[in-house]
Amino acid sequence: MAFLEEQLEEEHGRVGVAPPGGEADPGGEADEADDAEQDAPPARGLRDWLRGAPLSGRLHLALGLALPAVLLVVNMVRVRSFTIDDAYISYRYARNFARGLGLVYNAGERIEGYTNFLWTVLLAAGIKVGLDPDVLAKVLGGLAACGSLGALYLLSDRLRPRGAIPCIATWLFASSIVQSGYAVFGLETPLFVLLVLAGTEMMFRERDRGTGFPYSGLVFGLAGLTRPEAPMFLGIPMLFLGLRFFGRQNLLRGVVFAAPIALHMLWRHSYYGTWLPNTLSAKTGSLAEQLAGGQHYLKEYAEHTGPVLLLALFGLCVAIVARHRDALCVAALALAVAGYVLLVGGDWMPFYRFMSPFEPFCFLLAGLGARSLLEPLLPAVSARAAAARPGGIALAAGAGVLAAGCLVALGAFRAQRIDRAQHRILDDDKRFWDSAAGGTAAWFQQHGQPGEVAVGDIGYIGYATDYPVLDLLGLVDPVISKLPGGYTRKTGPGYVQRVFDKSPRYFVFIGGADTCDKLPFPAQEKLRRDRRFRGVYEVAGMVRHSKNGYWCIFERRGDAPPSRAGDAQGAPVPAPETPTPPE
């Protein structure tokens, strides 16, 4: 504990300290300490490094950026074959836009069932020139993730100048299933993370210069066109400007940010007739359920991340003691994301997609904490050991081994976590969705006739069949989305009435282990037992999935082809061989 107290005291005067008012002191002691550390000659050997000499610039680039980039690419390649089902919703919007049908999911129905306008438009442009949207999404996502790694490297150097330990935040980023996985799962997540990190780094640089055009506002504006929560990533750094908040540069930054957002909102209202996306009402509606879901989501993420959060907490302590403005801003951003996730309740997707904007800022704090612990340890132990006896350098070497061992242990923990996550993605999630959604789409392609399909998991089924879809969860339905209840729980009387008002030709329900006569989900069972369903719809197909259950396809009896008349008794229709969805 005494050593930690010494280090915290030492950090008070050396880590880019800003005075309490929040304004930088260009000529202060903190900057002089930083300059002295950066100007120190790099280590020429192990002995110099053990005495605390910084690594050379080339070694920092190699160990702190190049090697993490290689690891990130390897981890992305390992899970590139999986595409999350919701990505196909954007793919269908983009395909319809490229066809000239407009930004719609069902032709002729103007409903904004997406929250990633810029991402969808980019995919539509690729489709227009003949590119596969799934391939394009994975390439763009991978490039964005690599760009985020570079921005993270620059931000890490800003929080603590390069010293004897290479950048740790980049290694944490590269070994995260949230970052490497969602980079290639088809969603807008990696683009949003890149824009937020790039905007933050640019804003810090613009603040330091004090003059010049605030291009960061434009970058944050693009982030706002990619995800709706972007304003908080600009608003929080603005608050850390202190009196400069009212400066001309920052006011211009706000205008540059707001302009594309305002234009998009005006377009949204003129095109869809609403100021907010339909997904907002579909995914909210019960604050108590959202808070309970958010607490569970954050708890599971904390268990998954483990010691990284402890390092981040120590990094926060360092930032508070040192009054490090940029590090405190990073901490505020991380806490704001956690609060947002708590409020909205997380989501259903595997491995914590909603924590993707949280992780880079958390990793920056963890890197600050780890380097603040390890870098002073080497010269401190070396000096004390050398003063004790001539052979004391051996103790310093032991300290170096201890420091390396700590990093290796953290690396082993991260490697074990991401390896387990990758196996679950490929052996569990991918197999399930290929067999369930892929098999159901194949059934429609081989046995179905065009007609509206009522289904909850609308992604791949809607994309592969191109049939009209009634979304039982409300993402692309303007009535179900506004019913009382939280996401997946908008199942009151208005729900049943809406479904049968639409009278779809097909229903796709999740069945039991060996039957479609009783459904495990109450909302679907309520529909199946309704008098408007019984005697009208019959089992037309049963698609077996990898978890030893069935997805059940019901068809209106009057529309059933004569060749399947025997299905009226509920006889199972063998599912065709399941194809693999496009990669």
# chains A, B, ... in the order shown; residues from 1 in each chain; ligands from 1
>>> select_by_dssp(residues="range 428-582 of chain A", states="alpha helix (DSSP H)", output="PyMOL selection string")
chain A and resi 430-447+459-465+493-502+522-529
>>> residues_around(residues="Ala540 in chain A", least_positions_apart="3", cutoff="6 Å", atoms="only C-alpha atoms", output="PDB file with C-alpha atoms, in the first residue's frame")
ATOM      1  CA  ILE A 553     -44.075 -22.901 -40.308  1.00  0.00           C
ATOM      2  CA  PHE A 554     -47.854 -22.473 -40.362  1.00  0.00           C
ATOM      3  CA  GLU A 555     -49.733 -21.630 -43.548  1.00  0.00           C
TER       4      GLU A 555
END
>>> closest_residue(among="A:Gly199, A:Pro520, A:Pro504, A:Gly235", to="Leu470 in chain A", atoms="only C-alpha atoms")
A:Pro504
>>> residues_around(residues="Phe245 in chain A", least_positions_apart="3", cutoff="12 Å", atoms="only C-alpha atoms", output="PDB file with N, CA and C atoms, in the first residue's frame")
ATOM      1  N   GLY A  22      -9.743  23.407 -15.088  1.00  0.00           N
ATOM      2  CA  GLY A  22      -9.939  22.632 -16.303  1.00  0.00           C
ATOM      3  C   GLY A  22      -9.148  23.138 -17.473  1.00  0.00           C
ATOM      4  N   GLU A  23      -8.443  24.286 -17.389  1.00  0.00           N
ATOM      5  CA  GLU A  23      -7.671  24.808 -18.506  1.00  0.00           C
ATOM      6  C   GLU A  23      -6.228  24.351 -18.415  1.00  0.00           C
ATOM      7  N   ARG A 207      -8.401  21.465 -29.385  1.00  0.00           N
ATOM      8  CA  ARG A 207      -8.378  22.240 -28.142  1.00  0.00           C
ATOM      9  C   ARG A 207      -6.962  22.696 -27.811  1.00  0.00           C
ATOM     10  N   GLY A 210      -6.081  25.493 -30.210  1.00  0.00           N
ATOM     11  CA  GLY A 210      -6.859  26.677 -29.897  1.00  0.00           C
ATOM     12  C   GLY A 210      -7.382  27.412 -31.109  1.00  0.00           C
ATOM     13  N   LEU A 234     -19.889  13.747 -27.922  1.00  0.00           N
ATOM     14  CA  LEU A 234     -19.399  15.105 -28.151  1.00  0.00           C
ATOM     15  C   LEU A 234     -19.701  16.002 -26.963  1.00  0.00           C
ATOM     16  N   GLY A 235     -20.868  15.861 -26.375  1.00  0.00           N
ATOM     17  CA  GLY A 235     -21.274  16.746 -25.294  1.00  0.00           C
ATOM     18  C   GLY A 235     -20.378  16.660 -24.074  1.00  0.00           C
ATOM     19  N   ILE A 236     -19.949  15.457 -23.712  1.00  0.00           N
ATOM     20  CA  ILE A 236     -19.116  15.310 -22.517  1.00  0.00           C
ATOM     21  C   ILE A 236     -17.748  15.966 -22.691  1.00  0.00           C
ATOM     22  N   PRO A 237     -17.011  15.724 -23.797  1.00  0.00           N
ATOM     23  CA  PRO A 237     -15.746  16.467 -23.970  1.00  0.00           C
ATOM     24  C   PRO A 237     -15.952  17.976 -24.011  1.00  0.00           C
ATOM     25  N   MET A 238     -17.083  18.431 -24.531  1.00  0.00           N
ATOM     26  CA  MET A 238     -17.348  19.868 -24.536  1.00  0.00           C
ATOM     27  C   MET A 238     -17.412  20.419 -23.114  1.00  0.00           C
ATOM     28  N   LEU A 239     -18.031  19.668 -22.208  1.00  0.00           N
ATOM     29  CA  LEU A 239     -18.137  20.129 -20.827  1.00  0.00           C
ATOM     30  C   LEU A 239     -16.767  20.255 -20.170  1.00  0.00           C
ATOM     31  N   PHE A 240     -15.801  19.451 -20.615  1.00  0.00           N
ATOM     32  CA  PHE A 240     -14.452  19.508 -20.044  1.00  0.00           C
ATOM     33  C   PHE A 240     -13.624  20.661 -20.622  1.00  0.00           C
ATOM     34  N   LEU A 241     -14.222  21.430 -21.518  1.00  0.00           N
ATOM     35  CA  LEU A 241     -13.505  22.583 -22.044  1.00  0.00           C
ATOM     36  C   LEU A 241     -13.501  23.752 -21.076  1.00  0.00           C
ATOM     37  N   GLY A 242     -14.328  23.708 -20.053  1.00  0.00           N
ATOM     38  CA  GLY A 242     -14.391  24.829 -19.118  1.00  0.00           C
ATOM     39  C   GLY A 242     -14.949  26.063 -19.798  1.00  0.00           C
ATOM     40  N   ARG A 248     -15.377  30.526 -29.768  1.00  0.00           N
ATOM     41  CA  ARG A 248     -15.838  30.476 -31.158  1.00  0.00           C
ATOM     42  C   ARG A 248     -15.589  29.105 -31.779  1.00  0.00           C
ATOM     43  N   GLN A 249     -14.425  28.509 -31.488  1.00  0.00           N
ATOM     44  CA  GLN A 249     -14.117  27.208 -32.082  1.00  0.00           C
ATOM     45  C   GLN A 249     -15.123  26.158 -31.660  1.00  0.00           C
ATOM     46  N   ASN A 250     -15.482  26.140 -30.374  1.00  0.00           N
ATOM     47  CA  ASN A 250     -16.402  25.117 -29.897  1.00  0.00           C
ATOM     48  C   ASN A 250     -17.823  25.367 -30.386  1.00  0.00           C
ATOM     49  N   LEU A 251     -18.230  26.615 -30.454  1.00  0.00           N
ATOM     50  CA  LEU A 251     -19.554  26.908 -30.990  1.00  0.00           C
ATOM     51  C   LEU A 251     -19.656  26.474 -32.446  1.00  0.00           C
ATOM     52  N   LEU A 252     -18.578  26.710 -33.204  1.00  0.00           N
ATOM     53  CA  LEU A 252     -18.559  26.259 -34.596  1.00  0.00           C
ATOM     54  C   LEU A 252     -18.587  24.734 -34.666  1.00  0.00           C
ATOM     55  N   ARG A 253     -17.884  24.103 -33.736  1.00  0.00           N
ATOM     56  CA  ARG A 253     -17.906  22.635 -33.674  1.00  0.00           C
ATOM     57  C   ARG A 253     -19.335  22.122 -33.476  1.00  0.00           C
ATOM     58  N   GLY A 254     -20.067  22.764 -32.589  1.00  0.00           N
ATOM     59  CA  GLY A 254     -21.444  22.357 -32.352  1.00  0.00           C
ATOM     60  C   GLY A 254     -22.318  22.522 -33.577  1.00  0.00           C
TER      61      GLY A 254
END
>>> residues_around(residues="Glu300 in chain A", least_positions_apart="5", cutoff="12 Å", atoms="only C-alpha atoms", output="list in words")
Gly293, Gly294, Gln295, Thr305, Gly306, Gly346, Pro350, Phe351, Tyr352 and Met355 of chain A
